[in-house]
There are 2 protein chains.
Amino acid sequence: MAVSSQVAVTIADIEAASELLAGFAVRTPLIESTALNERVGGRILLKAETLQRTGSFKFRGAYNKISSLDQEARSRGILAWSSGNHAQGVAAAAGLLGAPATIVMPKDAPAIKIDNTRNFGAEVILYDRYTESREEIGAAIADERGLTLVKPYDDLSIIAGQGTVGLEIDEQCQRIGAEADILLINCSGGGLTAGCAIAMTARSPATEIYSIEPEHHDDMALSLKSGHLVANPQTAPPTICDALMAPTPGELTFPIARELLSGGLSVTDAEVRSAVRYAYEILKLVVEPGGAASLAAVLSGHIACRNKTVCLILSGGNIAPELFTEIISDRDNAS
Amino acid sequence: MAVSSQVAVTIADIEAASELLAGFAVRTPLIESTALNERVGGRILLKAETLQRTGSFKFRGAYNKISSLDQEARSRGILAWSSGNHAQGVAAAAGLLGAPATIVMPKDAPAIKIDNTRNFGAEVILYDRYTESREEIGAAIADERGLTLVKPYDDLSIIAGQGTVGLEIDEQCQRIGAEADILLINCSGGGLTAGCAIAMTARSPATEIYSIEPEHHDDMALSLKSGHLVANPQTAPPTICDALMAPTPGELTFPIARELLSGGLSVTDAEVRSAVRYAYEILKLVVEPGGAASLAAVLSGHIACRNKTVCLILSGGNIAPELFTEIISDRDNAS
């Protein structure tokens, strides 16, 4: 399928981001497991963004975005809000680019994520997520200090940066002579989804692309089905995939996804837990729940893999030891 | 340093093993972590044999060895004894090559390792390691059934198979323009050490090679120092590195190591625990204690890495969830 001229990010933008990231982002390996292939009867290629700087793909978009700022804006600094992977990616990218970083995080975020964000050199401002609004706090500080906001997904530079994951998948497939029938992308606000969809459609137009989300948080799937932006119900129970809880696709990311994706699927928390445990036991990889959604879709049979080549992104590996321990110790549900 | 003509395994043997293994063994990635590089001030390249079929490098040697048997011997079957990674590697290789496998394992080996070995299609014979001799039991069964013994390290085909790890390290270094100053190899009986030393010396003669062993089980280091085979003291306390407890280097592996290694170093169990935790927290990799010995040597400063390129092998990732949980939950000793 050709990308229409209305898509605001082009393959050239992603290629430019890739050059910019060279030597700063890790060119993460495309991993293949004979055990996994045998289990599903197909060829599964795992793009291990768990091994990316800061433990998730988020560094790519953040570095690309902050690089695009002029020297003056960079010196004034940047601001982001996030309880997790975006915070760490932004803090690390800002540190490398000499931009002071201010990150607004909920008081009750895991201590390890707050510590990591500080360790990357960012100033962390804590807020009470039950009584305060991070948007208001963030906007006030950004305004007062003249900081540039680095959004998590609805930004063209962020989308182009995340798209470098798709570019590398295609290059790595070519090197091993693999033709991807299907690409699965863990989806929250859709930055990774939109960026990789543009890259993959340009380089490998026959590949079918699907977003994968947690059950009850499958706003992208619902939006794709209805053709317009749909939000998750307010009553949606929380999911173990804390990285995939955006309430609705982005205004920039959704039109790209609508044009380029074949559809969206969802997985249950139980399926995600099994996938995290499988990654530990068989793949020997540490994957956080949100990073394991596409693997869960493959392992639980939601995607027909027999005799197919299926690429998927292990998008993050930042999981607290308490939760990881709980999941891998659950022998009753061993994979 | 040139390899003397007395070394019984040549680079040609290792290249032949590499061709044989293509499509069966995983070509494991050489992983680089910016966080690790920054921590030690050098460039650390991690050969992730944790991602190998059966979760350790052992599959390579086993497959190469069993391939070398004629059809009749293969049909009669093979026998090995092992409590861990060798058992799984042999069972999987035998399964692929159509050779019935009999594995003698201690009754008190972790249930997960016994189960895995059976799952690869092997017949498991349990013995009591406190009252029975696995050598006697194994020899009796092999004799009775006409089985070929697959030794864990002291065998030319095994050494050549494990040497393919070194060959790939050199090829992967070349692809990224890296010149290895140092190669660290986790060492038990010395199969991986000898094989990789031959490959690396042939391909990258300037690279210094060191064996890494657990404290009190550093028979290779002691043997290298004295110039002849030395055994660990009978009174050596057990180590957490269950994969690295051979009492003495092999009779075939030691002369190779003596000729090609720059020396041997040891690490404490506490250093190994820190390395396993670091691999989880920062690298997002599941590494068993014996597989993390070289990483421990780097993290604890036993190897001077500043401004150097240091390759090391994460040789295995088969660790029971109970132990992994204990290690990653030990926040008092966080890395």
# chains A, B, ... in the order shown; residues from 1 in each chain; ligands from 1

$ closest_atom_pairs --of "chain A" --to "chain B" --cutoff "9 Å" --atoms "only C-alpha atoms" --output "JSON lines"
{"residue": "A:Phe24", "atom": "CA", "partner": "B:Thr34", "partner_atom": "CA", "distance": 8.2}
{"residue": "A:Ala25", "atom": "CA", "partner": "B:Thr34", "partner_atom": "CA", "distance": 8.4}
{"residue": "A:Val26", "atom": "CA", "partner": "B:Glu32", "partner_atom": "CA", "distance": 7.3}
{"residue": "A:Arg27", "atom": "CA", "partner": "B:Glu32", "partner_atom": "CA", "distance": 8.8}
{"residue": "A:Thr28", "atom": "CA", "partner": "B:Ile31", "partner_atom": "CA", "distance": 7.8}
{"residue": "A:Pro29", "atom": "CA", "partner": "B:Pro29", "partner_atom": "CA", "distance": 6.4}
{"residue": "A:Leu30", "atom": "CA", "partner": "B:Pro29", "partner_atom": "CA", "distance": 8.4}
{"residue": "A:Ile31", "atom": "CA", "partner": "B:Pro29", "partner_atom": "CA", "distance": 7.6}
{"residue": "A:Glu32", "atom": "CA", "partner": "B:Val26", "partner_atom": "CA", "distance": 7.3}
{"residue": "A:Ser33", "atom": "CA", "partner": "B:Arg53", "partner_atom": "CA", "distance": 7.1}
{"residue": "A:Thr34", "atom": "CA", "partner": "B:Arg53", "partner_atom": "CA", "distance": 6.4}
{"residue": "A:Ala35", "atom": "CA", "partner": "B:Arg53", "partner_atom": "CA", "distance": 7.1}
{"residue": "A:Thr50", "atom": "CA", "partner": "B:Lys284", "partner_atom": "CA", "distance": 6.4}
{"residue": "A:Leu51", "atom": "CA", "partner": "B:Leu283", "partner_atom": "CA", "distance": 6.3}
{"residue": "A:Gln52", "atom": "CA", "partner": "B:Ser33", "partner_atom": "CA", "distance": 7.7}
{"residue": "A:Arg53", "atom": "CA", "partner": "B:Thr34", "partner_atom": "CA", "distance": 6.4}
{"residue": "A:Thr54", "atom": "CA", "partner": "B:Ile282", "partner_atom": "CA", "distance": 8.0}
{"residue": "A:Gly55", "atom": "CA", "partner": "B:Lys284", "partner_atom": "CA", "distance": 7.3}
{"residue": "A:Tyr280", "atom": "CA", "partner": "B:Val286", "partner_atom": "CA", "distance": 6.7}
{"residue": "A:Glu281", "atom": "CA", "partner": "B:Asn318", "partner_atom": "CA", "distance": 7.9}
{"residue": "A:Ile282", "atom": "CA", "partner": "B:Gly55", "partner_atom": "CA", "distance": 7.4}
{"residue": "A:Leu283", "atom": "CA", "partner": "B:Leu51", "partner_atom": "CA", "distance": 6.3}
{"residue": "A:Lys284", "atom": "CA", "partner": "B:Val286", "partner_atom": "CA", "distance": 4.8}
{"residue": "A:Leu285", "atom": "CA", "partner": "B:Leu285", "partner_atom": "CA", "distance": 4.9}
{"residue": "A:Val286", "atom": "CA", "partner": "B:Lys284", "partner_atom": "CA", "distance": 4.8}
{"residue": "A:Val287", "atom": "CA", "partner": "B:Lys284", "partner_atom": "CA", "distance": 7.3}
{"residue": "A:Gly317", "atom": "CA", "partner": "B:Lys284", "partner_atom": "CA", "distance": 6.1}
{"residue": "A:Asn318", "atom": "CA", "partner": "B:Glu281", "partner_atom": "CA", "distance": 7.8}
{"residue": "A:Ile319", "atom": "CA", "partner": "B:Glu281", "partner_atom": "CA", "distance": 8.5}
{"residue": "A:Ala320", "atom": "CA", "partner": "B:Glu281", "partner_atom": "CA", "distance": 8.7}
{"residue": "A:Pro321", "atom": "CA", "partner": "B:Ser329", "partner_atom": "CA", "distance": 6.0}
{"residue": "A:Glu322", "atom": "CA", "partner": "B:Ser329", "partner_atom": "CA", "distance": 7.2}
{"residue": "A:Phe324", "atom": "CA", "partner": "B:Thr325", "partner_atom": "CA", "distance": 8.2}
{"residue": "A:Thr325", "atom": "CA", "partner": "B:Thr325", "partner_atom": "CA", "distance": 5.4}
{"residue": "A:Glu326", "atom": "CA", "partner": "B:Thr325", "partner_atom": "CA", "distance": 8.8}
{"residue": "A:Ile328", "atom": "CA", "partner": "B:Pro321", "partner_atom": "CA", "distance": 6.3}
{"residue": "A:Ser329", "atom": "CA", "partner": "B:Pro321", "partner_atom": "CA", "distance": 6.0}

$ write_last_selection --atoms "C-alpha atoms" --output "short mmCIF file (atom, residue, chain, number, x, y, z; two decimals), in the first residue's frame"
data_model
loop_
_atom_site.label_atom_id
_atom_site.label_comp_id
_atom_site.auth_asym_id
_atom_site.auth_seq_id
_atom_site.Cartn_x
_atom_site.Cartn_y
_atom_site.Cartn_z
CA PHE A 24 23.65 7.07 20.36
CA ALA A 25 20.76 4.64 20.22
CA VAL A 26 21.58 0.94 20.38
CA ARG A 27 20.98 -0.91 17.13
CA THR A 28 19.06 -3.60 18.96
CA PRO A 29 19.25 -7.17 17.70
CA LEU A 30 16.47 -9.00 15.88
CA ILE A 31 16.39 -12.19 17.92
CA GLU A 32 15.18 -15.59 16.80
CA SER A 33 14.38 -18.48 19.12
CA THR A 34 14.22 -21.99 17.75
CA ALA A 35 12.02 -23.00 20.69
CA THR A 50 14.36 -4.04 25.86
CA LEU A 51 18.09 -3.75 25.12
CA GLN A 52 17.75 -0.11 24.06
CA ARG A 53 19.30 2.66 26.13
CA THR A 54 16.99 3.19 29.17
CA GLY A 55 15.33 -0.17 28.57
CA TYR A 280 12.14 -15.38 31.21
CA GLU A 281 12.04 -19.18 31.02
CA ILE A 282 12.63 -19.82 27.36
CA LEU A 283 13.90 -16.64 25.71
CA LYS A 284 16.04 -15.55 28.70
CA LEU A 285 14.88 -11.97 28.22
CA VAL A 286 13.51 -9.53 30.79
CA VAL A 287 10.37 -7.98 29.30
CA GLY A 317 11.98 -4.22 29.86
CA ASN A 318 11.51 -1.93 32.87
CA ILE A 319 9.73 -4.08 35.42
CA ALA A 320 10.07 -3.85 39.19
CA PRO A 321 11.64 -6.93 40.79
CA GLU A 322 8.55 -7.46 42.99
CA PHE A 324 8.78 -9.84 37.95
CA THR A 325 9.27 -12.21 40.86
CA GLU A 326 5.53 -12.68 41.27
CA ILE A 328 8.03 -15.90 37.14
CA SER A 329 7.22 -17.74 40.38
#

$ residues_around --residues "Val267 of chain A" --least-positions-apart "2" --cutoff "12 Å" --atoms "only C-alpha atoms" --output "number ranges by chain"
A: 186-187, 211-218, 221, 239-241, 244, 264-265, 269-275, 289-290, 292-303

$ write_last_selection --atoms "N, CA and C atoms" --output "mmCIF file, in the first residue's frame"
data_model
loop_
_atom_site.group_PDB
_atom_site.id
_atom_site.type_symbol
_atom_site.label_atom_id
_atom_site.label_comp_id
_atom_site.auth_asym_id
_atom_site.auth_seq_id
_atom_site.Cartn_x
_atom_site.Cartn_y
_atom_site.Cartn_z
ATOM 1 N N ASN A 186 3.235 -3.222 19.860
ATOM 2 C CA ASN A 186 2.569 -2.871 21.113
ATOM 3 C C ASN A 186 2.170 -1.401 21.035
ATOM 4 N N CYS A 187 0.931 -1.106 21.375
ATOM 5 C CA CYS A 187 0.406 0.237 21.109
ATOM 6 C C CYS A 187 -0.177 0.892 22.354
ATOM 7 N N SER A 211 -1.766 -3.448 15.430
ATOM 8 C CA SER A 211 -1.479 -2.942 16.774
ATOM 9 C C SER A 211 -1.949 -3.982 17.787
ATOM 10 N N ILE A 212 -1.234 -4.074 18.903
ATOM 11 C CA ILE A 212 -1.610 -4.990 19.977
ATOM 12 C C ILE A 212 -1.744 -4.172 21.263
ATOM 13 N N GLU A 213 -2.889 -4.317 21.921
ATOM 14 C CA GLU A 213 -3.171 -3.554 23.140
ATOM 15 C C GLU A 213 -3.725 -4.470 24.225
ATOM 16 N N PRO A 214 -3.717 -3.976 25.473
ATOM 17 C CA PRO A 214 -4.339 -4.763 26.550
ATOM 18 C C PRO A 214 -5.866 -4.698 26.430
ATOM 19 N N GLU A 215 -6.502 -5.757 26.837
ATOM 20 C CA GLU A 215 -7.961 -5.809 26.901
ATOM 21 C C GLU A 215 -8.494 -4.610 27.695
ATOM 22 N N HIS A 216 -9.586 -4.063 27.279
ATOM 23 C CA HIS A 216 -10.226 -2.886 27.902
ATOM 24 C C HIS A 216 -9.451 -1.590 27.659
ATOM 25 N N HIS A 217 -8.267 -1.685 27.057
ATOM 26 C CA HIS A 217 -7.484 -0.486 26.734
ATOM 27 C C HIS A 217 -7.143 -0.509 25.242
ATOM 28 N N ASP A 218 -8.026 -1.086 24.466
ATOM 29 C CA ASP A 218 -7.760 -1.258 23.033
ATOM 30 C C ASP A 218 -8.404 -0.144 22.212
ATOM 31 N N ALA A 221 -7.591 -0.265 18.509
ATOM 32 C CA ALA A 221 -8.382 -1.255 17.768
ATOM 33 C C ALA A 221 -9.799 -0.745 17.534
ATOM 34 N N THR A 239 -4.830 -2.254 33.805
ATOM 35 C CA THR A 239 -4.173 -3.429 33.236
ATOM 36 C C THR A 239 -2.769 -3.535 33.797
ATOM 37 N N ILE A 240 -2.224 -4.737 33.752
ATOM 38 C CA ILE A 240 -0.840 -4.946 34.187
ATOM 39 C C ILE A 240 0.133 -4.234 33.235
ATOM 40 N N CYS A 241 -0.327 -3.903 32.032
ATOM 41 C CA CYS A 241 0.531 -3.235 31.044
ATOM 42 C C CYS A 241 0.521 -1.729 31.302
ATOM 43 N N LEU A 244 0.920 0.809 28.480
ATOM 44 C CA LEU A 244 -0.014 0.814 27.337
ATOM 45 C C LEU A 244 -1.396 1.329 27.737
ATOM 46 N N GLY A 264 -6.359 -4.068 14.594
ATOM 47 C CA GLY A 264 -5.826 -4.048 15.955
ATOM 48 C C GLY A 264 -6.379 -5.207 16.755
ATOM 49 N N LEU A 265 -5.568 -5.765 17.632
ATOM 50 C CA LEU A 265 -5.973 -6.906 18.452
ATOM 51 C C LEU A 265 -5.698 -6.598 19.912
ATOM 52 N N ASP A 269 -4.635 -9.693 30.494
ATOM 53 C CA ASP A 269 -3.518 -9.626 31.440
ATOM 54 C C ASP A 269 -2.938 -11.017 31.703
ATOM 55 N N ALA A 270 -3.779 -12.024 31.750
ATOM 56 C CA ALA A 270 -3.279 -13.389 31.991
ATOM 57 C C ALA A 270 -2.376 -13.832 30.841
ATOM 58 N N GLU A 271 -2.758 -13.481 29.626
ATOM 59 C CA GLU A 271 -1.917 -13.835 28.467
ATOM 60 C C GLU A 271 -0.584 -13.082 28.515
ATOM 61 N N VAL A 272 -0.640 -11.847 28.969
ATOM 62 C CA VAL A 272 0.589 -11.060 29.083
ATOM 63 C C VAL A 272 1.512 -11.656 30.154
ATOM 64 N N ARG A 273 0.926 -12.043 31.284
ATOM 65 C CA ARG A 273 1.744 -12.672 32.334
ATOM 66 C C ARG A 273 2.433 -13.927 31.801
ATOM 67 N N SER A 274 1.698 -14.737 31.080
ATOM 68 C CA SER A 274 2.299 -15.948 30.497
ATOM 69 C C SER A 274 3.451 -15.584 29.570
ATOM 70 N N ALA A 275 3.282 -14.507 28.825
ATOM 71 C CA ALA A 275 4.324 -14.110 27.875
ATOM 72 C C ALA A 275 5.575 -13.608 28.605
ATOM 73 N N PRO A 289 5.442 -6.055 31.219
ATOM 74 C CA PRO A 289 4.143 -6.486 30.667
ATOM 75 C C PRO A 289 3.788 -5.772 29.359
ATOM 76 N N GLY A 290 3.841 -4.444 29.350
ATOM 77 C CA GLY A 290 3.501 -3.714 28.126
ATOM 78 C C GLY A 290 4.410 -4.052 26.964
ATOM 79 N N ALA A 292 5.480 -6.999 26.352
ATOM 80 C CA ALA A 292 5.262 -8.400 25.985
ATOM 81 C C ALA A 292 3.903 -8.636 25.336
ATOM 82 N N ALA A 293 3.157 -7.560 25.048
ATOM 83 C CA ALA A 293 1.787 -7.739 24.536
ATOM 84 C C ALA A 293 1.769 -8.487 23.200
ATOM 85 N N SER A 294 2.653 -8.113 22.285
ATOM 86 C CA SER A 294 2.657 -8.793 20.978
ATOM 87 C C SER A 294 3.114 -10.240 21.107
ATOM 88 N N LEU A 295 4.074 -10.476 21.982
ATOM 89 C CA LEU A 295 4.491 -11.862 22.229
ATOM 90 C C LEU A 295 3.314 -12.661 22.779
ATOM 91 N N ALA A 296 2.530 -12.020 23.646
ATOM 92 C CA ALA A 296 1.335 -12.678 24.187
ATOM 93 C C ALA A 296 0.350 -13.017 23.073
ATOM 94 N N ALA A 297 0.204 -12.116 22.111
ATOM 95 C CA ALA A 297 -0.726 -12.361 20.996
ATOM 96 C C ALA A 297 -0.286 -13.577 20.182
ATOM 97 N N VAL A 298 1.041 -13.735 20.031
ATOM 98 C CA VAL A 298 1.580 -14.875 19.284
ATOM 99 C C VAL A 298 1.413 -16.165 20.090
ATOM 100 N N LEU A 299 1.794 -16.129 21.364
ATOM 101 C CA LEU A 299 1.775 -17.344 22.184
ATOM 102 C C LEU A 299 0.360 -17.836 22.430
ATOM 103 N N SER A 300 -0.587 -16.926 22.500
ATOM 104 C CA SER A 300 -1.953 -17.342 22.825
ATOM 105 C C SER A 300 -2.778 -17.637 21.575
ATOM 106 N N GLY A 301 -2.130 -17.524 20.413
ATOM 107 C CA GLY A 301 -2.813 -17.948 19.192
ATOM 108 C C GLY A 301 -3.729 -16.909 18.573
ATOM 109 N N HIS A 302 -3.678 -15.671 19.056
ATOM 110 C CA HIS A 302 -4.527 -14.640 18.437
ATOM 111 C C HIS A 302 -4.054 -14.298 17.029
ATOM 112 N N ILE A 303 -2.774 -14.571 16.780
ATOM 113 C CA ILE A 303 -2.220 -14.337 15.451
ATOM 114 C C ILE A 303 -1.847 -15.701 14.873
#

$ residues_around --residues "segment 107-114 of chain B" --least-positions-apart "5" --cutoff "7 Å" --atoms "only C-alpha atoms" --output "number ranges by chain"
B: 83-84, 126-128

$ write_last_selection --atoms "N, CA and C atoms" --output "mmCIF file, in the first residue's frame"
data_model
loop_
_atom_site.group_PDB
_atom_site.id
_atom_site.type_symbol
_atom_site.label_atom_id
_atom_site.label_comp_id
_atom_site.auth_asym_id
_atom_site.auth_seq_id
_atom_site.Cartn_x
_atom_site.Cartn_y
_atom_site.Cartn_z
ATOM 1 N N SER B 83 24.424 -32.494 35.223
ATOM 2 C CA SER B 83 23.304 -32.021 36.031
ATOM 3 C C SER B 83 22.679 -30.777 35.419
ATOM 4 N N GLY B 84 23.204 -30.336 34.259
ATOM 5 C CA GLY B 84 22.700 -29.047 33.823
ATOM 6 C C GLY B 84 22.711 -28.775 32.341
ATOM 7 N N LEU B 126 18.202 -41.389 36.670
ATOM 8 C CA LEU B 126 18.587 -40.664 37.884
ATOM 9 C C LEU B 126 19.492 -41.521 38.762
ATOM 10 N N TYR B 127 20.441 -40.878 39.414
ATOM 11 C CA TYR B 127 21.309 -41.590 40.358
ATOM 12 C C TYR B 127 21.455 -40.756 41.616
ATOM 13 N N ASP B 128 21.915 -41.399 42.651
ATOM 14 C CA ASP B 128 22.129 -40.713 43.924
ATOM 15 C C ASP B 128 23.578 -40.260 43.968
#

$ residues_around --residues "Gly191 of chain A" --least-positions-apart "4" --cutoff "12 Å" --atoms "only C-alpha atoms" --output "NGL selection string"
:A and (9 or 57-58 or 60-62 or 86 or 151-166 or 185-187 or 195-198 or 211 or 220 or 244 or 246 or 249-257 or 315)

$ write_last_selection --atoms "N, CA and C atoms" --output "compact mmCIF listing (two decimals), in the first residue's frame"
# COMPACT_ATOMS: atom_id res chain seq x y z
N VAL A 9 4.57 12.34 8.28
CA VAL A 9 5.94 11.87 8.48
C VAL A 9 6.28 10.96 7.31
N PHE A 57 12.13 1.58 23.77
CA PHE A 57 12.32 2.32 22.51
C PHE A 57 12.21 3.83 22.69
N LYS A 58 11.71 4.29 23.83
CA LYS A 58 11.37 5.70 24.02
C LYS A 58 12.54 6.65 23.79
N ARG A 60 14.61 6.70 21.45
CA ARG A 60 14.77 7.08 20.04
C ARG A 60 14.01 8.37 19.70
N GLY A 61 12.72 8.37 20.01
CA GLY A 61 11.91 9.54 19.70
C GLY A 61 12.37 10.77 20.46
N ALA A 62 12.70 10.56 21.74
CA ALA A 62 13.11 11.69 22.57
C ALA A 62 14.40 12.32 22.03
N HIS A 86 8.86 6.86 29.04
CA HIS A 86 9.09 8.14 28.36
C HIS A 86 9.97 9.05 29.23
N LYS A 151 6.36 15.75 24.06
CA LYS A 151 5.18 14.89 24.20
C LYS A 151 5.56 13.42 24.00
N PRO A 152 4.76 12.53 24.56
CA PRO A 152 5.13 11.11 24.44
C PRO A 152 4.90 10.51 23.05
N TYR A 153 3.91 11.00 22.29
CA TYR A 153 3.69 10.36 20.98
C TYR A 153 3.14 11.29 19.92
N ASP A 154 2.39 12.30 20.30
CA ASP A 154 1.71 13.08 19.26
C ASP A 154 2.57 14.23 18.77
N ASP A 155 3.67 13.87 18.13
CA ASP A 155 4.68 14.84 17.70
C ASP A 155 5.42 14.21 16.52
N LEU A 156 5.61 14.97 15.45
CA LEU A 156 6.18 14.39 14.23
C LEU A 156 7.60 13.87 14.44
N SER A 157 8.41 14.60 15.24
CA SER A 157 9.79 14.15 15.49
C SER A 157 9.82 12.88 16.34
N ILE A 158 8.89 12.79 17.26
CA ILE A 158 8.80 11.57 18.08
C ILE A 158 8.42 10.39 17.19
N ILE A 159 7.42 10.58 16.36
CA ILE A 159 6.97 9.50 15.48
C ILE A 159 8.11 9.05 14.56
N ALA A 160 8.84 10.01 14.00
CA ALA A 160 9.96 9.65 13.11
C ALA A 160 11.03 8.88 13.87
N GLY A 161 11.32 9.32 15.11
CA GLY A 161 12.33 8.62 15.91
C GLY A 161 11.94 7.19 16.21
N GLN A 162 10.69 6.99 16.63
CA GLN A 162 10.24 5.61 16.92
C GLN A 162 10.21 4.78 15.64
N GLY A 163 10.01 5.43 14.50
CA GLY A 163 9.98 4.71 13.23
C GLY A 163 11.30 4.04 12.88
N THR A 164 12.38 4.50 13.50
CA THR A 164 13.68 3.86 13.21
C THR A 164 13.68 2.39 13.64
N VAL A 165 12.81 2.04 14.58
CA VAL A 165 12.69 0.62 14.96
C VAL A 165 12.23 -0.18 13.74
N GLY A 166 11.24 0.34 13.03
CA GLY A 166 10.72 -0.36 11.85
C GLY A 166 11.75 -0.44 10.73
N ILE A 185 2.83 -4.56 16.71
CA ILE A 185 3.40 -3.43 17.44
C ILE A 185 2.58 -3.17 18.70
N ASN A 186 3.23 -3.22 19.86
CA ASN A 186 2.57 -2.87 21.11
C ASN A 186 2.17 -1.40 21.04
N CYS A 187 0.93 -1.11 21.38
CA CYS A 187 0.41 0.24 21.11
C CYS A 187 -0.18 0.89 22.35
N GLY A 195 5.09 5.33 13.55
CA GLY A 195 6.43 5.41 12.98
C GLY A 195 6.84 4.13 12.28
N CYS A 196 6.62 3.00 12.95
CA CYS A 196 7.01 1.72 12.35
C CYS A 196 6.13 1.39 11.14
N ALA A 197 4.88 1.78 11.20
CA ALA A 197 3.99 1.51 10.06
C ALA A 197 4.46 2.27 8.82
N ILE A 198 4.89 3.51 9.00
CA ILE A 198 5.40 4.27 7.86
C ILE A 198 6.66 3.62 7.29
N SER A 211 -1.77 -3.45 15.43
CA SER A 211 -1.48 -2.94 16.77
C SER A 211 -1.95 -3.98 17.79
N MET A 220 -7.01 1.89 20.22
CA MET A 220 -6.56 1.93 18.82
C MET A 220 -7.39 0.95 17.99
N LEU A 244 0.92 0.81 28.48
CA LEU A 244 -0.01 0.81 27.34
C LEU A 244 -1.40 1.33 27.74
N ALA A 246 -2.71 4.61 27.40
CA ALA A 246 -3.21 5.87 26.83
C ALA A 246 -4.72 5.73 26.61
N PRO A 249 -5.95 6.99 20.92
CA PRO A 249 -4.81 7.22 20.03
C PRO A 249 -4.58 8.73 19.86
N GLY A 250 -3.39 9.10 19.40
CA GLY A 250 -3.08 10.51 19.21
C GLY A 250 -3.76 11.08 17.97
N GLU A 251 -3.90 12.38 17.94
CA GLU A 251 -4.52 13.03 16.77
C GLU A 251 -3.61 12.97 15.55
N LEU A 252 -2.31 12.91 15.77
CA LEU A 252 -1.39 12.73 14.65
C LEU A 252 -1.16 11.26 14.33
N THR A 253 -1.12 10.44 15.37
CA THR A 253 -0.77 9.03 15.13
C THR A 253 -1.94 8.25 14.52
N PHE A 254 -3.16 8.60 14.91
CA PHE A 254 -4.29 7.78 14.46
C PHE A 254 -4.51 7.80 12.94
N PRO A 255 -4.46 8.97 12.29
CA PRO A 255 -4.68 8.95 10.83
C PRO A 255 -3.63 8.09 10.11
N ILE A 256 -2.42 8.08 10.63
CA ILE A 256 -1.38 7.24 10.03
C ILE A 256 -1.74 5.77 10.21
N ALA A 257 -2.12 5.42 11.42
CA ALA A 257 -2.48 4.04 11.70
C ALA A 257 -3.70 3.62 10.87
N SER A 315 8.98 -4.11 23.34
CA SER A 315 9.18 -2.65 23.36
C SER A 315 9.78 -2.11 24.64

$ select_by_dssp --residues "segment 60-295 of chain B" --states "alpha helix (DSSP H)" --output "number ranges by chain"
B: 60-67, 71-76, 85-96, 111-119, 134-145, 156-175, 191-203, 219-226, 253-260, 269-278, 293-295

$ atom_distance --atom1 "atom CA of Ile14 of chain B" --atom2 "atom CA of Cys173 of chain A"
26.8 Å

$ residues_around --residues "Val90 of chain A" --least-positions-apart "3" --cutoff "12 Å" --atoms "only C-alpha atoms" --output "NGL selection string"
:A and (53-54 or 56-67 or 77-87 or 93-104 or 116-118 or 120-124 or 148-152 or 158)

$ write_last_selection --atoms "C-alpha atoms" --output "compact mmCIF listing (two decimals), in the first residue's frame"
# COMPACT_ATOMS: atom_id res chain seq x y z
CA ARG A 53 19.30 2.66 26.13
CA THR A 54 16.99 3.19 29.17
CA SER A 56 12.72 0.84 26.01
CA PHE A 57 12.32 2.32 22.51
CA LYS A 58 11.37 5.70 24.02
CA PHE A 59 14.94 7.00 23.83
CA ARG A 60 14.77 7.08 20.04
CA GLY A 61 11.91 9.54 19.70
CA ALA A 62 13.11 11.69 22.57
CA TYR A 63 16.61 12.00 21.13
CA ASN A 64 15.26 12.83 17.69
CA LYS A 65 12.89 15.45 19.10
CA ILE A 66 15.42 17.20 21.34
CA SER A 67 17.98 17.21 18.52
CA GLY A 77 15.62 23.00 28.63
CA ILE A 78 12.78 20.58 28.06
CA LEU A 79 9.87 19.26 30.10
CA ALA A 80 7.96 16.00 29.95
CA TRP A 81 5.44 14.19 32.09
CA SER A 82 5.42 10.46 32.41
CA SER A 83 5.32 7.78 35.04
CA GLY A 84 7.62 5.47 33.18
CA ASN A 85 9.57 4.76 30.05
CA HIS A 86 9.09 8.14 28.36
CA ALA A 87 10.51 9.85 31.46
CA ALA A 93 18.40 11.99 25.60
CA ALA A 94 18.37 15.44 27.19
CA GLY A 95 21.49 14.58 29.18
CA LEU A 96 23.38 13.56 26.04
CA LEU A 97 22.27 16.70 24.20
CA GLY A 98 23.04 19.11 27.01
CA ALA A 99 19.43 20.11 27.59
CA PRO A 100 18.31 20.49 31.22
CA ALA A 101 15.36 18.12 31.72
CA THR A 102 12.40 18.57 34.03
CA ILE A 103 10.15 15.55 34.41
CA VAL A 104 6.78 15.66 36.13
CA ASN A 116 16.44 6.12 37.29
CA THR A 117 15.04 9.35 35.89
CA ARG A 118 17.08 11.35 38.42
CA PHE A 120 19.91 10.30 34.03
CA GLY A 121 20.32 13.86 35.30
CA ALA A 122 16.73 15.11 35.22
CA GLU A 123 15.02 17.27 37.81
CA VAL A 124 11.97 15.30 38.95
CA THR A 148 9.92 22.99 25.45
CA LEU A 149 7.39 20.24 26.01
CA VAL A 150 8.43 16.78 24.76
CA LYS A 151 5.18 14.89 24.20
CA PRO A 152 5.13 11.11 24.44
CA ILE A 158 8.80 11.57 18.08

$ closest_residue --among "B:Met105, B:Thr193, B:Val310, B:Asn119" --to "Ala92 of chain B" --atoms "only C-alpha atoms"
B:Asn119
